[in-house]
$ cat structure.cif   # mmCIF, C-alpha atoms and all ligand atoms
data_model
#
loop_
_atom_site.group_PDB
_atom_site.id
_atom_site.type_symbol
_atom_site.label_atom_id
_atom_site.label_comp_id
_atom_site.auth_asym_id
_atom_site.auth_seq_id
_atom_site.Cartn_x
_atom_site.Cartn_y
_atom_site.Cartn_z
ATOM 1 C CA MET A 441 -109.250 -94.084 167.691
ATOM 2 C CA PRO A 442 -105.757 -95.040 169.009
ATOM 3 C CA ASP A 443 -105.104 -95.091 172.725
ATOM 4 C CA THR A 444 -102.704 -92.884 174.646
ATOM 5 C CA HIS A 445 -101.814 -92.422 178.285
ATOM 6 C CA PHE A 446 -103.003 -89.931 180.818
ATOM 7 C CA GLY A 447 -100.470 -90.426 183.579
ATOM 8 C CA SER A 448 -100.449 -94.198 184.097
ATOM 9 C CA ARG A 449 -103.980 -94.736 182.682
ATOM 10 C CA GLN A 450 -104.568 -95.912 179.139
ATOM 11 C CA ILE A 451 -107.248 -93.710 177.550
ATOM 12 C CA PRO A 452 -108.599 -92.948 174.048
ATOM 13 C CA LEU A 453 -106.470 -90.255 172.361
ATOM 14 C CA GLY A 454 -109.541 -88.034 172.016
ATOM 15 C CA ASP A 455 -110.044 -87.941 175.805
ATOM 16 C CA LYS A 456 -106.569 -86.668 176.721
ATOM 17 C CA GLN A 457 -106.940 -82.928 176.086
ATOM 18 C CA ALA A 458 -109.974 -82.535 178.371
ATOM 19 C CA LEU A 459 -108.162 -84.347 181.195
ATOM 20 C CA VAL A 460 -105.036 -82.177 180.707
ATOM 21 C CA ASP A 461 -107.212 -79.037 180.685
ATOM 22 C CA ASP A 462 -108.735 -80.091 183.990
ATOM 23 C CA VAL A 463 -105.243 -80.418 185.529
ATOM 24 C CA PHE A 464 -104.181 -76.899 184.523
ATOM 25 C CA HIS A 465 -107.549 -75.436 185.432
ATOM 26 C CA LYS A 466 -107.006 -76.751 188.985
ATOM 27 C CA VAL A 467 -103.423 -75.528 189.353
ATOM 28 C CA ALA A 468 -103.470 -72.200 187.433
ATOM 29 C CA ARG A 469 -103.585 -69.830 190.425
ATOM 30 C CA ARG A 470 -100.764 -71.659 192.225
ATOM 31 C CA TYR A 471 -98.856 -72.707 189.108
ATOM 32 C CA ASP A 472 -95.822 -70.413 189.422
ATOM 33 C CA LEU A 473 -95.467 -70.924 193.172
ATOM 34 C CA MET A 474 -95.589 -74.711 192.704
ATOM 35 C CA ASN A 475 -92.877 -74.532 190.034
ATOM 36 C CA ASP A 476 -90.574 -72.800 192.486
ATOM 37 C CA LEU A 477 -91.370 -75.236 195.295
ATOM 38 C CA MET A 478 -91.148 -78.422 193.217
ATOM 39 C CA SER A 479 -87.914 -77.549 191.459
ATOM 40 C CA ALA A 480 -86.368 -75.635 194.395
ATOM 41 C CA GLY A 481 -86.110 -72.664 192.036
ATOM 42 C CA LEU A 482 -84.212 -74.687 189.388
ATOM 43 C CA HIS A 483 -86.876 -74.015 186.753
ATOM 44 C CA ARG A 484 -85.595 -70.439 186.665
ATOM 45 C CA ALA A 485 -82.128 -71.604 185.563
ATOM 46 C CA TRP A 486 -83.659 -73.970 182.966
ATOM 47 C CA LYS A 487 -85.800 -71.159 181.570
ATOM 48 C CA ASP A 488 -82.798 -68.794 181.568
ATOM 49 C CA ALA A 489 -80.957 -71.354 179.401
ATOM 50 C CA LEU A 490 -83.983 -71.439 177.095
ATOM 51 C CA VAL A 491 -84.073 -67.632 176.803
ATOM 52 C CA THR A 492 -80.317 -67.540 176.107
ATOM 53 C CA ALA A 493 -80.943 -69.982 173.240
ATOM 54 C CA ILE A 494 -83.893 -67.902 171.952
ATOM 55 C CA ASN A 495 -81.301 -65.128 171.825
ATOM 56 C CA PRO A 496 -83.481 -62.031 171.288
ATOM 57 C CA PRO A 497 -81.527 -59.067 169.829
ATOM 58 C CA THR A 498 -80.553 -56.622 172.565
ATOM 59 C CA LYS A 499 -80.504 -53.278 170.698
ATOM 60 C CA GLY A 500 -82.662 -50.770 172.548
ATOM 61 C CA ARG A 501 -82.449 -52.609 175.887
ATOM 62 C CA PRO A 502 -81.983 -50.232 178.878
ATOM 63 C CA ASP A 503 -78.197 -50.855 178.717
ATOM 64 C CA ARG A 504 -78.144 -50.279 174.902
ATOM 65 C CA LEU A 505 -80.579 -47.384 174.579
ATOM 66 C CA ASP A 506 -78.360 -45.506 172.126
ATOM 67 C CA GLU A 507 -78.913 -48.225 169.487
ATOM 68 C CA LYS A 508 -82.255 -48.663 167.728
ATOM 69 C CA PRO A 509 -83.458 -52.177 166.774
ATOM 70 C CA ASP A 510 -83.454 -52.719 162.990
ATOM 71 C CA LYS A 511 -86.752 -54.608 163.173
ATOM 72 C CA ASP A 512 -88.981 -56.407 165.679
ATOM 73 C CA PHE A 513 -88.044 -59.855 166.953
ATOM 74 C CA THR A 514 -91.136 -62.025 167.406
ATOM 75 C CA LEU A 515 -91.396 -65.023 169.724
ATOM 76 C CA LEU A 516 -94.316 -67.435 169.825
ATOM 77 C CA ASP A 517 -94.394 -69.269 173.169
ATOM 78 C CA VAL A 518 -96.642 -72.310 172.664
ATOM 79 C CA ALA A 519 -98.326 -73.797 175.748
ATOM 80 C CA GLY A 520 -96.973 -70.644 177.352
ATOM 81 C CA GLY A 521 -99.371 -70.788 180.314
ATOM 82 C CA THR A 522 -98.907 -67.813 182.624
ATOM 83 C CA GLY A 523 -96.286 -66.275 180.310
ATOM 84 C CA ASP A 524 -93.112 -66.905 182.302
ATOM 85 C CA VAL A 525 -90.870 -67.623 179.277
ATOM 86 C CA SER A 526 -92.298 -64.632 177.384
ATOM 87 C CA PHE A 527 -91.697 -62.219 180.279
ATOM 88 C CA ARG A 528 -88.128 -63.481 180.611
ATOM 89 C CA THR A 529 -87.535 -63.092 176.854
ATOM 90 C CA ILE A 530 -88.886 -59.528 176.909
ATOM 91 C CA ALA A 531 -86.570 -58.715 179.849
ATOM 92 C CA ALA A 532 -83.550 -60.194 178.041
ATOM 93 C CA GLY A 533 -84.263 -58.600 174.664
ATOM 94 C CA GLY A 534 -84.176 -55.095 173.258
ATOM 95 C CA SER A 535 -87.058 -52.722 172.640
ATOM 96 C CA GLY A 536 -88.076 -54.546 169.431
ATOM 97 C CA THR A 537 -88.859 -57.823 171.243
ATOM 98 C CA ARG A 538 -92.476 -59.016 171.061
ATOM 99 C CA ALA A 539 -93.933 -62.222 172.518
ATOM 100 C CA THR A 540 -97.161 -64.097 171.874
ATOM 101 C CA VAL A 541 -98.273 -66.621 174.485
ATOM 102 C CA ALA A 542 -100.509 -69.314 172.992
ATOM 103 C CA ASP A 543 -102.233 -71.692 175.396
ATOM 104 C CA ILE A 544 -105.371 -73.820 175.363
ATOM 105 C CA ASN A 545 -106.296 -73.032 178.970
ATOM 106 C CA ALA A 546 -108.213 -69.803 179.646
ATOM 107 C CA GLU A 547 -107.405 -69.909 183.368
ATOM 108 C CA MET A 548 -103.619 -70.012 182.786
ATOM 109 C CA LEU A 549 -103.921 -67.201 180.202
ATOM 110 C CA ALA A 550 -105.956 -65.097 182.633
ATOM 111 C CA VAL A 551 -103.181 -65.279 185.255
ATOM 112 C CA GLY A 552 -100.657 -64.290 182.557
ATOM 113 C CA ARG A 553 -102.753 -61.346 181.328
ATOM 114 C CA GLU A 554 -103.057 -60.001 184.885
ATOM 115 C CA ARG A 555 -99.290 -60.273 185.269
ATOM 116 C CA ALA A 556 -98.630 -58.484 181.964
ATOM 117 C CA PHE A 557 -101.007 -55.711 182.946
ATOM 118 C CA ALA A 558 -99.436 -55.336 186.417
ATOM 119 C CA GLN A 559 -95.959 -54.998 184.844
ATOM 120 C CA ALA A 560 -97.198 -52.653 182.074
ATOM 121 C CA LEU A 561 -96.086 -55.218 179.491
ATOM 122 C CA ASP A 562 -99.484 -55.747 177.879
ATOM 123 C CA ASP A 563 -98.339 -53.894 174.752
ATOM 124 C CA VAL A 564 -95.449 -56.305 174.119
ATOM 125 C CA VAL A 565 -96.827 -59.637 175.420
ATOM 126 C CA THR A 566 -100.035 -60.886 173.788
ATOM 127 C CA PHE A 567 -102.088 -63.824 175.056
ATOM 128 C CA VAL A 568 -103.967 -66.024 172.588
ATOM 129 C CA ASP A 569 -106.305 -68.918 173.311
ATOM 130 C CA ALA A 570 -104.941 -71.584 170.969
ATOM 131 C CA ASN A 571 -104.401 -75.307 170.581
ATOM 132 C CA ALA A 572 -100.806 -76.268 169.739
ATOM 133 C CA GLU A 573 -102.221 -78.755 167.227
ATOM 134 C CA ALA A 574 -103.955 -75.997 165.196
ATOM 135 C CA LEU A 575 -102.115 -72.700 165.659
ATOM 136 C CA PRO A 576 -104.176 -69.699 164.494
ATOM 137 C CA PHE A 577 -101.194 -67.949 162.860
ATOM 138 C CA ALA A 578 -100.038 -67.498 159.272
ATOM 139 C CA ASP A 579 -97.177 -69.539 157.827
ATOM 140 C CA GLN A 580 -93.700 -68.130 158.570
ATOM 141 C CA SER A 581 -94.860 -65.471 161.023
ATOM 142 C CA PHE A 582 -92.365 -65.809 163.932
ATOM 143 C CA ASP A 583 -88.591 -65.482 164.358
ATOM 144 C CA ALA A 584 -88.556 -68.065 167.162
ATOM 145 C CA VAL A 585 -90.989 -70.554 168.654
ATOM 146 C CA SER A 586 -90.588 -71.964 172.160
ATOM 147 C CA ILE A 587 -92.478 -74.565 174.135
ATOM 148 C CA ALA A 588 -91.513 -75.141 177.771
ATOM 149 C CA PHE A 589 -92.878 -78.092 179.726
ATOM 150 C CA GLY A 590 -95.775 -78.085 177.309
ATOM 151 C CA ILE A 591 -95.243 -80.620 174.496
ATOM 152 C CA ARG A 592 -95.662 -83.541 176.928
ATOM 153 C CA ASN A 593 -99.254 -82.472 177.505
ATOM 154 C CA VAL A 594 -100.272 -82.236 173.853
ATOM 155 C CA PRO A 595 -102.114 -85.356 172.594
ATOM 156 C CA ARG A 596 -100.641 -85.396 169.053
ATOM 157 C CA ILE A 597 -97.024 -84.282 169.401
ATOM 158 C CA ASP A 598 -96.238 -84.818 165.696
ATOM 159 C CA VAL A 599 -99.100 -82.495 164.694
ATOM 160 C CA ALA A 600 -97.953 -79.791 167.142
ATOM 161 C CA LEU A 601 -94.337 -80.004 165.903
ATOM 162 C CA ALA A 602 -95.510 -79.623 162.300
ATOM 163 C CA GLU A 603 -97.568 -76.582 163.301
ATOM 164 C CA MET A 604 -94.640 -74.947 165.131
ATOM 165 C CA GLN A 605 -92.391 -75.497 162.121
ATOM 166 C CA ARG A 606 -95.098 -74.064 159.800
ATOM 167 C CA VAL A 607 -95.347 -70.737 161.656
ATOM 168 C CA LEU A 608 -91.535 -70.290 161.866
ATOM 169 C CA ARG A 609 -89.944 -68.081 159.253
ATOM 170 C CA PHE A 610 -87.023 -69.518 157.262
ATOM 171 C CA GLY A 611 -83.946 -69.251 159.471
ATOM 172 C CA GLY A 612 -86.189 -69.331 162.553
ATOM 173 C CA HIS A 613 -85.402 -71.341 165.687
ATOM 174 C CA LEU A 614 -87.610 -73.837 167.545
ATOM 175 C CA LEU A 615 -86.709 -74.516 171.163
ATOM 176 C CA CYS A 616 -88.351 -77.091 173.329
ATOM 177 C CA LEU A 617 -87.637 -77.390 177.038
ATOM 178 C CA GLU A 618 -88.976 -80.593 178.552
ATOM 179 C CA PHE A 619 -88.409 -82.964 181.428
ATOM 180 C CA SER A 620 -86.219 -85.893 180.520
ATOM 181 C CA ASN A 621 -84.846 -89.014 182.174
ATOM 182 C CA VAL A 622 -82.292 -89.045 184.946
ATOM 183 C CA ASP A 623 -79.702 -91.703 184.134
ATOM 184 C CA VAL A 624 -77.036 -90.789 186.692
ATOM 185 C CA PRO A 625 -76.674 -93.758 189.113
ATOM 186 C CA GLY A 626 -77.817 -92.742 192.596
ATOM 187 C CA LEU A 627 -79.480 -89.540 191.396
ATOM 188 C CA ASP A 628 -82.071 -91.604 189.461
ATOM 189 C CA ALA A 629 -83.303 -93.388 192.622
ATOM 190 C CA LEU A 630 -83.376 -90.129 194.561
ATOM 191 C CA TYR A 631 -85.283 -88.394 191.743
ATOM 192 C CA GLU A 632 -87.800 -91.258 191.587
ATOM 193 C CA LEU A 633 -88.361 -91.078 195.337
ATOM 194 C CA TYR A 634 -88.780 -87.314 195.209
ATOM 195 C CA SER A 635 -91.104 -87.403 192.181
ATOM 196 C CA PHE A 636 -93.481 -90.047 193.468
ATOM 197 C CA ASN A 637 -93.579 -88.961 197.107
ATOM 198 C CA VAL A 638 -92.602 -85.332 197.644
ATOM 199 C CA VAL A 639 -94.169 -83.798 194.505
ATOM 200 C CA PRO A 640 -97.735 -85.168 195.032
ATOM 201 C CA ALA A 641 -97.507 -84.271 198.743
ATOM 202 C CA LEU A 642 -96.524 -80.706 197.822
ATOM 203 C CA GLY A 643 -99.475 -80.612 195.426
ATOM 204 C CA ARG A 644 -101.835 -81.685 198.189
ATOM 205 C CA ALA A 645 -100.435 -79.047 200.553
ATOM 206 C CA VAL A 646 -100.320 -76.105 198.108
ATOM 207 C CA VAL A 647 -103.074 -76.760 195.549
ATOM 208 C CA GLY A 648 -105.238 -78.967 197.788
ATOM 209 C CA ASP A 649 -105.012 -81.922 195.377
ATOM 210 C CA ALA A 650 -102.220 -84.460 194.767
ATOM 211 C CA GLU A 651 -103.762 -85.845 191.545
ATOM 212 C CA PRO A 652 -102.508 -83.163 189.080
ATOM 213 C CA TYR A 653 -98.985 -83.770 190.329
ATOM 214 C CA ARG A 654 -99.261 -87.553 189.992
ATOM 215 C CA TYR A 655 -100.215 -86.862 186.373
ATOM 216 C CA LEU A 656 -97.164 -84.601 186.003
ATOM 217 C CA VAL A 657 -94.764 -87.262 187.283
ATOM 218 C CA GLU A 658 -96.285 -90.084 185.194
ATOM 219 C CA SER A 659 -96.380 -87.959 182.046
ATOM 220 C CA ILE A 660 -92.655 -87.208 182.420
ATOM 221 C CA ARG A 661 -91.950 -90.956 182.560
ATOM 222 C CA ARG A 662 -93.893 -91.622 179.386
ATOM 223 C CA PHE A 663 -92.442 -88.789 177.296
ATOM 224 C CA PRO A 664 -90.089 -90.007 174.498
ATOM 225 C CA ARG A 665 -86.372 -90.168 175.319
ATOM 226 C CA PRO A 666 -84.323 -87.220 173.933
ATOM 227 C CA ASN A 667 -83.030 -89.104 170.861
ATOM 228 C CA ALA A 668 -86.528 -90.314 169.973
ATOM 229 C CA PHE A 669 -87.898 -86.790 170.380
ATOM 230 C CA ALA A 670 -85.084 -85.418 168.181
ATOM 231 C CA GLU A 671 -86.237 -87.857 165.473
ATOM 232 C CA MET A 672 -89.792 -86.497 165.784
ATOM 233 C CA MET A 673 -88.431 -82.966 165.306
ATOM 234 C CA ARG A 674 -86.588 -84.062 162.147
ATOM 235 C CA ALA A 675 -89.733 -85.777 160.871
ATOM 236 C CA ALA A 676 -91.584 -82.453 161.302
ATOM 237 C CA GLY A 677 -89.056 -80.860 158.925
ATOM 238 C CA LEU A 678 -86.717 -79.206 161.430
ATOM 239 C CA ARG A 679 -83.016 -79.170 160.638
ATOM 240 C CA ARG A 680 -79.744 -79.072 162.628
ATOM 241 C CA VAL A 681 -81.643 -80.756 165.447
ATOM 242 C CA SER A 682 -79.714 -81.102 168.702
ATOM 243 C CA HIS A 683 -80.336 -81.266 172.426
ATOM 244 C CA ARG A 684 -78.516 -80.838 175.665
ATOM 245 C CA LEU A 685 -79.294 -82.277 179.057
ATOM 246 C CA MET A 686 -79.344 -80.148 182.181
ATOM 247 C CA SER A 687 -79.265 -80.952 185.912
ATOM 248 C CA GLY A 688 -78.192 -84.581 185.435
ATOM 249 C CA GLY A 689 -80.846 -85.193 182.775
ATOM 250 C CA ILE A 690 -83.850 -83.886 184.719
ATOM 251 C CA VAL A 691 -84.469 -81.535 181.800
ATOM 252 C CA ALA A 692 -83.538 -81.499 178.088
ATOM 253 C CA LEU A 693 -83.341 -78.402 175.895
ATOM 254 C CA HIS A 694 -84.091 -79.377 172.275
ATOM 255 C CA SER A 695 -83.203 -77.125 169.377
ATOM 256 C CA GLY A 696 -84.070 -77.215 165.682
ATOM 257 C CA TRP A 697 -84.123 -74.741 162.792
ATOM 258 C CA ARG A 698 -86.384 -74.099 159.855
ATOM 259 C CA LEU A 699 -83.927 -73.919 156.999
HETATM 260 C C1 LIG A 701 -96.609 -77.263 182.575
HETATM 261 S S1 LIG A 701 -97.477 -75.921 181.835
HETATM 262 C C2 LIG A 701 -96.170 -74.963 181.142
HETATM 263 C C3 LIG A 701 -96.443 -73.478 181.128
HETATM 264 C C4 LIG A 701 -95.277 -72.592 180.711
HETATM 265 N N1 LIG A 701 -94.769 -72.953 179.410
HETATM 266 C C5 LIG A 701 -94.170 -72.615 181.726
HETATM 267 O O1 LIG A 701 -93.124 -73.202 181.446
HETATM 268 O O2 LIG A 701 -94.332 -72.030 182.793
HETATM 269 C C6 LIG A 701 -98.209 -76.691 180.447
HETATM 270 C C7 LIG A 701 -99.143 -75.816 179.657
HETATM 271 O O3 LIG A 701 -99.526 -76.507 178.469
HETATM 272 C C8 LIG A 701 -100.824 -76.082 178.142
HETATM 273 N N2 LIG A 701 -101.392 -76.997 177.137
HETATM 274 C C9 LIG A 701 -101.768 -78.282 177.295
HETATM 275 N N3 LIG A 701 -102.232 -78.791 176.141
HETATM 276 C C10 LIG A 701 -102.147 -77.791 175.212
HETATM 277 C C11 LIG A 701 -102.475 -77.695 173.827
HETATM 278 N N4 LIG A 701 -102.962 -78.729 173.155
HETATM 279 N N5 LIG A 701 -102.261 -76.526 173.208
HETATM 280 C C12 LIG A 701 -101.752 -75.454 173.873
HETATM 281 N N6 LIG A 701 -101.440 -75.489 175.188
HETATM 282 C C13 LIG A 701 -101.620 -76.643 175.847
HETATM 283 C C14 LIG A 701 -101.532 -76.096 179.483
HETATM 284 O O4 LIG A 701 -102.745 -75.387 179.462
HETATM 285 C C15 LIG A 701 -100.454 -75.477 180.380
HETATM 286 O O5 LIG A 701 -100.592 -74.093 180.470
#

$ encode --input "structure.cif" --output "structure tokens" --more "lines below"
Ligand SMILES: C[S@@+](CC[C@H](N)C(=O)[O-])C[C@H]1O[C@@H](n2cnc3c(N)ncnc32)[C@H](O)[C@@H]1O
Amino acid sequence: MPDTHFGSRQIPLGDKQALVDDVFHKVARRYDLMNDLMSAGLHRAWKDALVTAINPPTKGRPDRLDEKPDKDFTLLDVAGGTGDVSFRTIAAGGSGTRATVADINAEMLAVGRERAFAQALDDVVTFVDANAEALPFADQSFDAVSIAFGIRNVPRIDVALAEMQRVLRFGGHLLCLEFSNVDVPGLDALYELYSFNVVPALGRAVVGDAEPYRYLVESIRRFPRPNAFAEMMRAAGLRRVSHRLMSGGIVALHSGWRL
């Protein structure tokens, strides 16, 4: 079996998922708080950009109540964790917007389900225990598929991309938000310092363990550069592939269509 990396460690590919699951099992209850602390709230702006690109139809939203949606708009949010992107998409879209959160980690899904229930959104946001490499959905069943800060964790990225393209309807949009590489002189050194010192220390203080956050930082370093990832999207059959960098390259928003 080929090797891969878990953070800086070289490991057999087949061992990666269990190690990733352990990370998210440890952080699930503090996951959303840590996102705010680590990114100083910036993850909200990155996710807003993602939701703008998902572009759910707005007919039937509170400010457009006089118009009825022609049909439902369905989003599949892969590696959707506690459901943040899905909740934001439901808030941005009209009354026909539906979201399915698919994640491999029961603990992350449990936090999301509680949140959906508390906001009375459990009829429009559904949580499904699923591996991105083997999605339990029919071909062409979603209008849009998103994956935010998730693809980096999946052992076989090419398999997951092929699955996401399979479940998209023709004309459907795949959006992938992922950490990238800071190439701005000065900012790169600062980012490195912050990532390797502040982030693990925050993890120790908030979650009680620095290790999951060392994994996070190392996994960002090892993720393919945006152009290489765009090639992987094309190889999976996606078309009109493009990306844009945000916050000096900290994050990249990748886009591709099933045409
Ligand atoms: C950094 S979190 C991102 C959560 C959410 N998308 C967000 O932006 O808030 C990564 C998520 O990927 C999930 N994950 C890891 N490997 C996966 C796989 N093979 N299939 C589905 N989900 C996976 C983890 O359980 C975790 O919830």

$ residues_near_point --input "structure.cif" --point "(-83.6, -53.3, 172.2)" --cutoff "6 Å" --atoms "all atoms listed in the file" --output "tab-separated table (two decimals) with C-alpha atoms, in the frame of the given file"
chain	number	residue	atom	x	y	z
A	498	THR	CA	-80.55	-56.62	172.56
A	499	LYS	CA	-80.50	-53.28	170.70
A	500	GLY	CA	-82.66	-50.77	172.55
A	501	ARG	CA	-82.45	-52.61	175.89
A	509	PRO	CA	-83.46	-52.18	166.77
A	533	GLY	CA	-84.26	-58.60	174.66
A	534	GLY	CA	-84.18	-55.10	173.26
A	535	SER	CA	-87.06	-52.72	172.64
A	536	GLY	CA	-88.08	-54.55	169.43

$ resolve_selection --input "structure.cif" --expression "the PyMOL selection byres (((chain A and resi 667-683) around 12) and not hetatm)" --output "number ranges by chain"
A: 490, 493, 591-592, 596-606, 608-621, 662-666, 684-686, 689, 691-699

$ closest_residue --input "structure.cif" --among "A:Val647, A:Ile530, A:Ala489, A:Val460" --to "ligand LIG 701 (chain A)" --atoms "all atoms listed in the file"
A:Val460

$ closest_residue --input "structure.cif" --among "A:Ala546, A:Val638, A:Val594, A:Leu656" --to "Lys456 (chain A)" --atoms "all atoms listed in the file"
A:Val594

$ residues_near_ligand --input "structure.cif" --ligand "ligand LIG 701 (chain A)" --cutoff "6 Å" --atoms "only C-alpha atoms and all ligand atoms" --output "PyMOL selection string"
chain A and resi 461+464+519-521+524+543-545+548+570-573+587-590+593-594

$ atom_distance --input "structure.cif" --atom1 "CA of Ala574 (chain A)" --atom2 "CA of Ala542 (chain A)"
10.8 Å

$ resolve_selection --input "structure.cif" --expression "the PyMOL selection byres (((chain A and resi 510-515) around 9) and not hetatm)" --output "MDAnalysis selection string"
chainID A and resid 494 496:497 499 508:509 516:517 526 529 533:541 581:586

$ closest_residue --input "structure.cif" --among "A:Val568, A:Ala578, A:Val467, A:Ala531" --to "Arg644 (chain A)" --atoms "all atoms listed in the file"
A:Val467

$ closest_residue --input "structure.cif" --among "A:Arg470, A:Arg449, A:Arg528, A:His465" --to "Trp486 (chain A)" --atoms "all atoms listed in the file"
A:Arg528

$ atom_distance --input "structure.cif" --atom1 "CA of Gly447 (chain A)" --atom2 "CA of Ile660 (chain A)"
8.5 Å

$ atom_distance --input "structure.cif" --atom1 "CA of His483 (chain A)" --atom2 "CA of Arg504 (chain A)"
27.9 Å

$ residues_around --input "structure.cif" --residues "Phe557 (chain A)" --least-positions-apart "6" --cutoff "12 Å" --atoms "all atoms listed in the file" --output "ChimeraX atom specification"
/A:523,527,550-551,563-567

$ closest_residue --input "structure.cif" --among "A:Val518, A:Val607, A:Asp472, A:Val463" --to "Glu651 (chain A)" --atoms "only C-alpha atoms"
A:Val463

$ closest_residue --input "structure.cif" --among "A:Ala485, A:Leu473, A:Ala480, A:Ile690" --to "Asp623 (chain A)" --atoms "all atoms listed in the file"
A:Ile690

$ resolve_selection --input "structure.cif" --expression "the PyMOL selection byres (((chain A and resi 636) around 12) and not hetatm)" --output "list in words"
Met478, Ala629, Leu630, Tyr631, Glu632, Leu633, Tyr634, Ser635, Asn637, Val638, Val639, Pro640, Ala641, Leu642, Gly643, Ala650, Glu651, Tyr653, Arg654, Tyr655, Leu656, Val657, Glu658, Ser659, Ile660 and Arg661 of chain A

$ build_atoms --input "structure.cif" --residues "region 622-628 of chain A" --atoms "all heavy atoms" --output "PDB file, in the coordinates of the input"
ATOM      1  N   VAL A 622     -83.542 -89.097 184.179  1.00  0.00           N
ATOM      2  CA  VAL A 622     -82.292 -89.045 184.946  1.00  0.00           C
ATOM      3  C   VAL A 622     -81.619 -90.405 184.863  1.00  0.00           C
ATOM      4  O   VAL A 622     -82.197 -91.409 185.264  1.00  0.00           O
ATOM      5  CB  VAL A 622     -82.585 -88.663 186.407  1.00  0.00           C
ATOM      6  CG1 VAL A 622     -81.313 -88.687 187.235  1.00  0.00           C
ATOM      7  CG2 VAL A 622     -83.237 -87.287 186.463  1.00  0.00           C
ATOM      8  N   ASP A 623     -80.405 -90.423 184.292  1.00  0.00           N
ATOM      9  CA  ASP A 623     -79.702 -91.703 184.134  1.00  0.00           C
ATOM     10  C   ASP A 623     -78.461 -91.797 185.013  1.00  0.00           C
ATOM     11  O   ASP A 623     -77.702 -92.750 184.916  1.00  0.00           O
ATOM     12  CB  ASP A 623     -79.288 -91.889 182.654  1.00  0.00           C
ATOM     13  CG  ASP A 623     -80.482 -92.335 181.822  1.00  0.00           C
ATOM     14  OD1 ASP A 623     -81.355 -93.016 182.383  1.00  0.00           O
ATOM     15  OD2 ASP A 623     -80.541 -91.991 180.626  1.00  0.00           O
ATOM     16  N   VAL A 624     -78.238 -90.777 185.848  1.00  0.00           N
ATOM     17  CA  VAL A 624     -77.036 -90.789 186.692  1.00  0.00           C
ATOM     18  C   VAL A 624     -77.277 -91.742 187.867  1.00  0.00           C
ATOM     19  O   VAL A 624     -78.238 -91.550 188.622  1.00  0.00           O
ATOM     20  CB  VAL A 624     -76.735 -89.364 187.221  1.00  0.00           C
ATOM     21  CG1 VAL A 624     -75.473 -89.361 188.079  1.00  0.00           C
ATOM     22  CG2 VAL A 624     -76.624 -88.378 186.061  1.00  0.00           C
ATOM     23  N   PRO A 625     -76.441 -92.801 188.030  1.00  0.00           N
ATOM     24  CA  PRO A 625     -76.674 -93.758 189.113  1.00  0.00           C
ATOM     25  C   PRO A 625     -76.724 -93.042 190.471  1.00  0.00           C
ATOM     26  O   PRO A 625     -75.900 -92.181 190.755  1.00  0.00           O
ATOM     27  CB  PRO A 625     -75.452 -94.695 189.034  1.00  0.00           C
ATOM     28  CG  PRO A 625     -74.908 -94.516 187.659  1.00  0.00           C
ATOM     29  CD  PRO A 625     -75.245 -93.118 187.237  1.00  0.00           C
ATOM     30  N   GLY A 626     -77.659 -93.381 191.278  1.00  0.00           N
ATOM     31  CA  GLY A 626     -77.817 -92.742 192.596  1.00  0.00           C
ATOM     32  C   GLY A 626     -78.830 -91.621 192.494  1.00  0.00           C
ATOM     33  O   GLY A 626     -79.869 -91.633 193.166  1.00  0.00           O
ATOM     34  N   LEU A 627     -78.564 -90.680 191.564  1.00  0.00           N
ATOM     35  CA  LEU A 627     -79.480 -89.540 191.396  1.00  0.00           C
ATOM     36  C   LEU A 627     -80.835 -90.035 190.872  1.00  0.00           C
ATOM     37  O   LEU A 627     -81.893 -89.512 191.245  1.00  0.00           O
ATOM     38  CB  LEU A 627     -78.865 -88.519 190.426  1.00  0.00           C
ATOM     39  CG  LEU A 627     -79.661 -87.226 190.211  1.00  0.00           C
ATOM     40  CD1 LEU A 627     -79.803 -86.444 191.508  1.00  0.00           C
ATOM     41  CD2 LEU A 627     -79.011 -86.336 189.147  1.00  0.00           C
ATOM     42  N   ASP A 628     -80.807 -91.098 190.033  1.00  0.00           N
ATOM     43  CA  ASP A 628     -82.071 -91.604 189.461  1.00  0.00           C
ATOM     44  C   ASP A 628     -83.017 -92.103 190.564  1.00  0.00           C
ATOM     45  O   ASP A 628     -84.213 -91.809 190.551  1.00  0.00           O
ATOM     46  CB  ASP A 628     -81.824 -92.673 188.387  1.00  0.00           C
ATOM     47  CG  ASP A 628     -80.898 -93.790 188.835  1.00  0.00           C
ATOM     48  OD1 ASP A 628     -80.390 -93.724 189.970  1.00  0.00           O
ATOM     49  OD2 ASP A 628     -80.678 -94.723 188.035  1.00  0.00           O
TER      50      ASP A 628
END
